[in-house]
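Beneath this line is the structure, given in structure tokens, with notes to follow.
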Amino acid sequence: MSEEKAEALRQIDEIKSHLVDKQTFFPYNYHATYVWSAISAILTLMMVSMYEASILQGTVAVFILIAVGFVTEGILTKKVNESYDIEDCTLRQQFIMKSFFMLSLFLIVLSAILASYKLYVPIFLSWLFLISLVYFAVGFVLNIGRFTQMSTFNMFAAILLLAIGLINGTLLGEDHTFLRMTQIVMLIGLTMMPAIVAWQQIREGK
Amino acid sequence: MFDPLLHQSIRSKLVSLLIANDELPFKALKEALEVTDGNLSSHLSKLEKEKYIRIEKTFEGKRPKTIVKIAPTGRKAFEDYIEALKQFIEEN
């Protein structure tokens with residue numbers, strides 16, 4: 001192949017890869033996902049002891065951790081949004097954040113209720129399923145395949161654990177092995193996997 | 001043979017982005033193309049001089065905002081450039 005032809009083909013490829021709608025620009029700072037991963041790890045490991053101390057203390061602690069996550073994400077994302085300056089992308093980002101925030105508030109209230117009955121496994125499974133559902137929606141709408149794959153795995157894992165818990169009657173949390181198993185799935189699903197996805201997205205310059 | 005304005009990596013990518021979006025803010029172009037302000041301004045000036053694009057400076061509140069729009073001349077030149085590339089590839 002002549003050098004000129006190779007150059008022409010390269011030029012066509014570059015043009016194709018840049019014929020993208022601005023909707024595909026997703027001004028998001030994936031470093032925020034690392035923060036969420038860390039918060040998820042803290043919640044998974046500390047939630048039971050925090051609720052054991054008192055429901056109010058547990059609820060306040062969870063709320064503070066979630067608030068830290070949103071503030072950090074807001075600051076990081078604002079910087080990226082400013083660098084793109086595309087209004088509808090900013091609005092889309094704000095919509096996603098508001099959805100996550102409302103869901104988090106719902107989960108905090110639900111967790112407080114479940115914690116008063118010492119239903120710790122259902123608390124973890126609710127967080128795993130519902131947060132993954134939002135990840136799924138975000139991944140689907142914004143075409144982030146890794147998010148949809150990750151969340152599909154998490155939702156199936158949550159349903160499977162719920163089924164096992166119902167069959168074995170271990171949802172009450174008296175079975176520490178089942179509780180530990182749920183926590184391990186939480187750590188994989190909401191700590192390790194989002195961090196890996198973020199790392200991959202950052203590595204690819206997204 | 002090829003349009004010298006478009007047969008350049010950054011400018012062809014820049015016009016591709018504008019073809020797909022009609023208009024984009026300066027900042028978005030800078031981020032998408034991973035170039036400096038000066039570099040992007042230089043390419044935009046060349047394209048604007050030949051009326052391939054239009055540059056509009058507006059205000060969003062108190063904040064200045066530069067919008068880059070594709071012009072009909074630029075759209076036609078881009079289509080011709082793609083045709084020329086295709087033809088060249090077929091013939092060689």
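Note on naming: chains are A, B, ... as they come in the structure tokens, residues start from 1 per chain, ligands start from 1 in the order shown.
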Counting only C-alpha atoms, a student should be able to say which residues of chain B come within 9 Å of chain A; what is the right answer, written as a ChimeraX atom specification? /B:7-9,12-21,24-32,65,82,85-86,88-89,92
All helix (DSSP H, G or I) positions in segment 48-92 of chain B, as a PyMOL selection string: chain B and resi 48-49+72-91
Fewer than 2 positions away in the same chain doesn't count, so skip those; otherwise give me all residues within 12 Å of Thr170 of chain A, counting only C-alpha atoms, as a ChimeraX atom specification. /A:118-122,161-168,172-182
Could those residues be written to a file, using C-alpha atoms, as a short mmCIF file (atom, residue, chain, number, x, y, z; two decimals), in the first residue's frame?
data_model
loop_
_atom_site.label_atom_id
_atom_site.label_comp_id
_atom_site.auth_asym_id
_atom_site.auth_seq_id
_atom_site.Cartn_x
_atom_site.Cartn_y
_atom_site.Cartn_z
CA LYS A 118 -31.54 -5.75 62.61
CA LEU A 119 -32.12 -6.69 58.97
CA TYR A 120 -28.55 -5.93 57.91
CA VAL A 121 -28.38 -8.31 54.94
CA PRO A 122 -31.49 -6.71 53.33
CA LEU A 161 -28.27 -13.50 47.61
CA LEU A 162 -31.83 -12.46 48.45
CA ALA A 163 -33.13 -15.79 47.15
CA ILE A 164 -30.47 -17.74 49.09
CA GLY A 165 -31.26 -15.73 52.21
CA LEU A 166 -35.00 -16.37 51.84
CA ILE A 167 -34.54 -20.08 51.23
CA ASN A 168 -32.06 -20.52 54.09
CA LEU A 172 -32.02 -11.71 59.74
CA GLY A 173 -28.24 -11.41 60.02
CA GLU A 174 -27.91 -13.90 62.79
CA ASP A 175 -25.92 -16.03 60.38
CA HIS A 176 -22.59 -14.18 60.37
CA THR A 177 -21.23 -16.24 57.48
CA PHE A 178 -24.06 -15.08 55.20
CA LEU A 179 -23.62 -11.49 56.37
CA ARG A 180 -19.87 -11.64 55.62
CA MET A 181 -20.63 -13.17 52.21
CA THR A 182 -23.02 -10.30 51.44
#
Would you mind reading off the distance between atom CA of Ala53 of chain A and atom CA of Trp36 of chain A, one decimal, in Å?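 Calculated distance between atom CA of Ala53 of chain A and atom CA of Trp36 of chain A is 24.0 Å.
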Neighbouring residues of segment 46-51 of chain A were defined as those with any atom within 9 Å, considering only C-alpha atoms; residues of the same chain fewer than 3 positions away were excluded. Please report them as a PyMOL selection string. chain A and resi 41-43+54-59+61-62+112+115-116+118+120
I'd like the contact shell of segment 39-47 of chain B - 9 Å cut-off, only C-alpha atoms, skipping same-chain residues fewer than 6 positions apart - returned as a PyMOL selection string. chain B and resi 5-6+10-11+14+26+29-30+33+53-55+68+74
Suppose you want the space between atom CA of Val109 of chain A and atom CA of Gly74 of chain A; what is it in Å?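 Atom-to-atom, atom CA of Val109 of chain A to atom CA of Gly74 of chain A, that is 22.8 Å.
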Considering only C-alpha atoms, tabulate each residue of segment 126-179 of chain A that lies at most 8 Å from segment 189-198 of chain A along with its nearest interatomic pair and the corresponding distance in Å to one decimal; arrange the rows by chain and ascending residue number and present them as JSON lines.
{"residue": "A:Leu128", "atom": "CA", "partner": "A:Leu190", "partner_atom": "CA", "distance": 7.0}
{"residue": "A:Arg146", "atom": "CA", "partner": "A:Val197", "partner_atom": "CA", "distance": 6.4}
{"residue": "A:Phe147", "atom": "CA", "partner": "A:Val197", "partner_atom": "CA", "distance": 7.3}
{"residue": "A:Met150", "atom": "CA", "partner": "A:Met193", "partner_atom": "CA", "distance": 6.8}
{"residue": "A:Ser151", "atom": "CA", "partner": "A:Gly189", "partner_atom": "CA", "distance": 7.9}
{"residue": "A:Phe153", "atom": "CA", "partner": "A:Gly189", "partner_atom": "CA", "distance": 7.9}
{"residue": "A:Asn154", "atom": "CA", "partner": "A:Gly189", "partner_atom": "CA", "distance": 5.7}
Just-selected residues, C-alpha atoms written as an mmCIF file, in the first residue's frame:
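Generated file (out-v9.cif):
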data_model
loop_
_atom_site.group_PDB
_atom_site.id
_atom_site.type_symbol
_atom_site.label_atom_id
_atom_site.label_comp_id
_atom_site.auth_asym_id
_atom_site.auth_seq_id
_atom_site.Cartn_x
_atom_site.Cartn_y
_atom_site.Cartn_z
ATOM 1 C CA LEU A 128 -26.369 -3.105 46.037
ATOM 2 C CA ARG A 146 -18.815 -1.163 31.408
ATOM 3 C CA PHE A 147 -21.355 0.410 33.765
ATOM 4 C CA MET A 150 -21.055 -4.125 36.089
ATOM 5 C CA SER A 151 -24.536 -3.219 37.297
ATOM 6 C CA PHE A 153 -23.729 -8.473 37.507
ATOM 7 C CA ASN A 154 -24.460 -6.639 40.769
#
Quick one, how far is atom CA of Phe106 of chain A from atom CA of Gln94 of chain A?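 We find that atom CA of Phe106 of chain A and atom CA of Gln94 of chain A lie 18.4 Å from each other.
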Which of these residues is nearest to Ile108 of chain A, using only C-alpha atoms: A:Val138, A:Ile188, A:Ala32, A:Ile123?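 Using only C-alpha atoms, the shortest distance to Ile108 of chain A belongs to A:Ile123.
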